[in-house]
Every structure is written in C-alpha cells, then in structure tokens.
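Enquirer: There's a structure below that I have some questions on.
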Amino acid sequence: MTAVARLGRLRERPELIGLGALLLAGALLAAVGTRVLTGPFAIIALASVLASVVALVLVAVSGTPEARRKIAPYGLLKPGMLWLALFYLAPLFTLLRLSLSTLPSRFAIEADFDWNFGNYVDAFTDFGPQFQRAFLYAGIATVLTIAIGYPLAYVIAFRGGRYRTLLLGLVVIPFFTSFLIRTIAWRSLLSDNGIIIGAVDWFRLGGLLETMQIMDDGRLINTPAAVIFGLTYNFLPFMILPIYVSLEKVDVSLVDAAKDLYSTSTAAFTKIVLPLSLPGIFAGTLLTFIPAAGDFVNAAYLGNPNTTMIGNSIQDQFLVQNNVPLASAMSFVLMAIITVFVVIYSRFFGTEELA
Amino acid sequence: MSAPTSTRGRIARLALNAYAAIGLFYLFIPIIWIVAFSFNEPRGGYNVEWQRFTFANWADPFGDAALTDAFVESLKIAAISTVVATLLGSLIAIALARYRFRGSEGLNFFLVLPLTTPEIVLGSSLATLFLDWDVTRGFTTVVIAHIMFQVSFVALTVRARVRGFDWTLEQAAQDLGASPLRTFWKVTFPLILPGILAAALLSFALSLDDFIITLFNAGSLVTFPLYINGSFRVRFPPEVNVLASVILVVSVALMLTGTLWGARGRRKSAA
C-alpha cells in the first residue's frame, strides 16, 4: 500500500488521527519540557503541537458529523492531558535526570548530569531506616484505618437509613479544615499538659500504655505511636469513603436470602458482605498507604528525631541541605517502591474501583 | 436486613453502633480543639495551651497582618487554579463519560496516576522541572502545581457524577431541531453543573489546604499553611484557629446548599 493510500485510509478513521495527535502532542510537549528537544527542534515540536490543535479545530468546524463525533473526545481531553504531560510527566523525567547528576561542590546550585548512581547508593545506605519507618508506619496506619473505618462505613451504609447522606457528610466535614492545623491540634491534645494525658492519668492507664509501647516515659507526644496515630487520623476518610461506596452497592436481599437458608449473621457477613466490599478496602488501602508513606508532616509535628520518615529526609535534603540530586534519588526510589507495591497489589484486586 | 432477635444479637448490634459512633467522634476531636482554641487568650501568641475564654480573636480575625497576607495569597491561588482546573478537568470528564473511544482505558489510567503518586514526589519532581528551566519559584509555579493535582481530581469527581446521565436527552434535543451548541447550553450543561460545582468546591479546599506540594514550589511566597508551618516554632496565633473555623463554616454551608440544591433538582426532574 502506498503512503498516499494509507493517508487516504486514515481519513476514514478520524479517531486514529485524534488519538495519534493527542499522544504525539503530549510526547513532544514533555520532550520540550524536559529539554530533550532544544533549540530549533523545540520550535518544530511546539509548532507540531500547535498544528495538532489546529487540525482538531479544523475537523471540528468542517468535518462530517460522523468525523466530528469521533474526534470530539480527543479535543475535549487535549488541554488537560497536555497540562499533565508537561507538569506531571515531564517533571518525573527531570527528577530522574537530576537523581543521576552530581553537584560540582557542596554549595553549587546547578548539578551536572553524569550518570552518577552514587545518589542511589547514598539513598539506601544513609536513609535505610527512614525508608523502613515510612513503610512500617504507613502500613500500621493503614491497618488501623481499616479497623476504625470499616465498621463506621458499615454502620452508615446498612443502618444509616435516611441519615446516610448526613452521616457521610459528617465524615467529610473535618477535612475542610487544614491538614496542618489538625495535626497541630493533635500535638496540643497529646502534649504533656494536654487533655489526653490528663485522661490517661485519671483512669490510671499509664502503665498499660507504657507496656503497649504507646507511651514513652510518661509521654504521648514525640513517640512513634503519636506519628502512627496522626497518620491514621489524617487519612481515615480516604479509607471510609471507598469502603462505603462498595458497601452501598451490596444488595441487602442477598444477606436476607442467606439468613433464610439458615446462615448465621457472621457467616452471611464473611461469605457475602466482606467479599463484595473488598474492592473498597483495596482502593482505600492505596489511597491511605501511598500518601501516608510519603508524608512528613505527622513525623515532624508528632514525632522525634528517631521517628523521621523518608518524606522528612527528602524535604530536608531538597529544601534545607540543598542536595537536590540526593533528594531526587530518594523521591524516585520512594515512587518506584510504591509503584511496585501498587502493581503487585492490583494483580490481586484490580484497579476498577480506584477511578 | 432483618432485625436480630436474640439478646446476644442485639448487644452485638449496639456494640457495633457504639464503636462506629466513637469512630465518628474521633474524627471531630481536633475540630473541637480548633474551634475551642479560637476562643482562647494565649500567653505570648503561642496558642496551644488553654488559658482563658475570650471573644477578642473573633472580634479581630485579621489582627495578625502577616497571617492575613498569607491567607489572601492562598485564596488568590485557590481561585485561579480552581477555575482553570475545573475547566480542564470537566472537559476530560465529559470526554470520558460521554464517548466510547479508542485509547480511553490508557488515558483513564494516566489520569489516575497523579492521584496515586505521593505528594512529596509530585512536589519535588515539579520543583526539579522549574530548577531545570531556571524559573524562579513563586506565585505562578504554585498555581501551576495546584492545577496539576486538581485536574485529575476534578475529572474523576465530575465523571463519577455524570456517569448515570442520560445522554439520549442530547439526541432528543437535536432531533427537535436544536443546534449542537444550543443543546449543550440548554440540556447538557444545566444537568452536569451541580457535579462540576461540587468538584470545584472540593478542589478549592484542596488548594487552600495544600502544604507539601506548595512547600517545594513556593520559593519565597508564603501561603496560609506555609505561614503556619514557618512560624510554628515561635508562634501560633489564635487568628489561625479563627480563620480555620471560618473556612470550616463556609465549606459546610456551601456543602449543605449544594446538597439541598441537588435534592431539589432531583425532585424537579422526578416530577
């Protein structure tokens, strides 16, 4: 088939033009953004991006209704997707490139790209404990959010009746105040003169909490438990909402049917409700674990120097020590580990519920 | 579900309800603290220990000039980024919900990615882009960053809201002679508007609250959360609690209005 004939065939498949133009424009824009394409090439690339937009507009104005309908979704997607190509995708490339770069001196600002894998060696050797703590704390916090969030979502979904929407609104309301201020609130509440220590003393629970390693030397604040507690609190709604969504879809008559067939309540729950709500738990786990593993606010406000997580180290290396290449390497490792985790995890559960 | 008949069943039911109620209360503990401490008269601008009750903070919520500047800066950023992100995100949502097309699964997956990337990676990677470009970080870079994470959020929220929408209504309008443009403004737009407004409200709140991504891309710019973080070692003025309480009340009021409006709309379309 000649090239002209191919092009002619393409005319009959406007959706291929639309998709191709979208992907090409995104790739070109990201390439210019990362300065893979520079100088005249960058100008040609940007001109092509512009041309792809013009082509879409031309089809939208002069094409047949059929062609218009087929090309419309790509036109609608284009502005937002190009934004993400330039400001989400391209930065991941510059992050990778910087993580393989070297600072010429301790005080240099500009790093030179030279395939320096030393940053990755440093990330693992110097910040191993921070990585471990990040995943350990995030993991425990995720389990706790399920333990607190599942029953709450269950009660709202099955026993909320006409107050369901109201109760769900109540779950969301606290999150209209700043994340940072809520964490500071916990700092004040958990502090040595705070109301919670007062309650612990009044109920004489100090000994018990010390053995459970929740309290340390009579203190609640600046302990690992306080950091995990803060993470649990801050990400709890991200667990409750997806679980609620999946529970809401459960057909109650299935449970009734099971009971009619002499199933116990426990069996009806474990055999019917729980399996049907697993997608919600899955989505909630991702939405809780991922931000918790990268968080540094809770560790900074509720922890001590021995509870720092990888987020604290990235923030410190990037913004305080100005060692951007090392911080980039740590960021990249964090993202890589989380991506592997998500891929393995979604093999078991699927990602349908996430979107 | 049928009501449990045995005493044990009733107790189990009550216990679960109580557990859920405690969980709900737990969510509100810091909120109670924030509102209560907005009425505190702190010693030396460090409002984390209860001293005595006062209305003084509420009488002058903008008493702290630096905090007020930071707050205004945050409102400006949130306003601009929300408008842009709502436009871009809604267009994506309409494309994904309205049309079946080649590549939609892959593009959908790409859209979810920013939401499953830790904020610290989003923030630090975007900062490396601006470093690479030799761009001074400040107001514009923060707006760009906020739009980036809001677009996916708006797109997915709006798409979830318009999923059950009956697109044949558009066909009906066009069969009756309406032009495509007129169909959009008279039929499609009013129906998807509540979903778009809800998404805009939530993403405005996300922008106002964002700390991690902003920290990496703000340069010398100071937003509301950045001010609180930066000054926390030395001061934590009660005006923070007042402004946080105001944000809370306004958000709840808007949410309630939206819910009532949505309920009215549903009744109208059912009638």
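Residues in the structure tokens are numbered from 1 in each chain, the chains being A, B, ... in the order shown, and ligands are numbered from 1 in the order shown.
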With only C-alpha atoms counted and 6 Å as the cut-off, give the residues of chain B in contact with chain A, each with its shortest interatomic distance in Å and the pair that gives it, as CSV.
Expert:
residue,atom,partner,partner_atom,distance
B:Ala20,CA,A:Leu152,CA,4.4
B:Pro30,CA,A:Ala185,CA,5.4
B:Val48,CA,A:Ser188,CA,5.5
B:Leu88,CA,A:Gly80,CA,4.8
B:Leu91,CA,A:Leu76,CA,5.1
B:Ile92,CA,A:Leu77,CA,4.7
B:Ala95,CA,A:Pro73,CA,4.6
B:Pro118,CA,A:Pro291,CA,5.1
B:Ile120,CA,A:Gly294,CA,6.0
B:Val121,CA,A:Ser331,CA,5.5
B:Ser125,CA,A:Pro91,CA,4.9
B:Leu126,CA,A:Pro91,CA,5.0
B:Thr128,CA,A:Leu95,CA,5.8
B:Leu129,CA,A:Pro91,CA,5.1
B:Asp209,CA,A:Ser178,CA,5.1
B:Ala244,CA,A:Thr177,CA,5.8
B:Leu248,CA,A:Phe176,CA,5.5
Enquirer: So that each row is one residue of range 148-261 of chain B with an atom at most 12 Å from range 59-69 of chain B, can you give its shortest atom pair and the distance in Å to one decimal, using only C-alpha atoms, rows by chain and rising number, as CSV?
Expert:
residue,atom,partner,partner_atom,distance
B:Leu221,CA,B:Asp69,CA,10.6
B:Val222,CA,B:Asp69,CA,8.3
B:Thr223,CA,B:Asp69,CA,8.1
B:Phe224,CA,B:Leu67,CA,6.8
B:Pro225,CA,B:Leu67,CA,9.6
B:Leu226,CA,B:Leu67,CA,9.9
B:Tyr227,CA,B:Leu67,CA,6.7
B:Ile228,CA,B:Leu67,CA,8.0
B:Asn229,CA,B:Leu67,CA,11.3
B:Gly230,CA,B:Leu67,CA,11.0
B:Ser231,CA,B:Leu67,CA,9.8
B:Phe232,CA,B:Leu67,CA,12.0
B:Arg235,CA,B:Leu67,CA,11.2
B:Phe236,CA,B:Leu67,CA,10.1
B:Pro237,CA,B:Asp64,CA,7.7
B:Pro238,CA,B:Pro61,CA,8.7
B:Glu239,CA,B:Pro61,CA,5.5
B:Val240,CA,B:Leu67,CA,7.7
B:Asn241,CA,B:Pro61,CA,9.3
B:Val242,CA,B:Pro61,CA,6.2
B:Leu243,CA,B:Pro61,CA,6.9
B:Ala244,CA,B:Pro61,CA,10.5
B:Ser245,CA,B:Pro61,CA,10.6
B:Val246,CA,B:Pro61,CA,9.5
Enquirer: Go ahead and compute the interatomic distance for CA of Pro104 in chain A and CA of Phe131 in chain A, in Å to one decimal.
Expert: 27.0 Å
Enquirer: What parts of range 27-260 of chain B does DSSP call alpha helix (DSSP H)? I'd like the answer as a ChimeraX atom specification.
Expert: /B:27-37,56-59,65-98,104-112,119-133,139-162,168-175,180-183,189-209,212-217,224-231,238-260
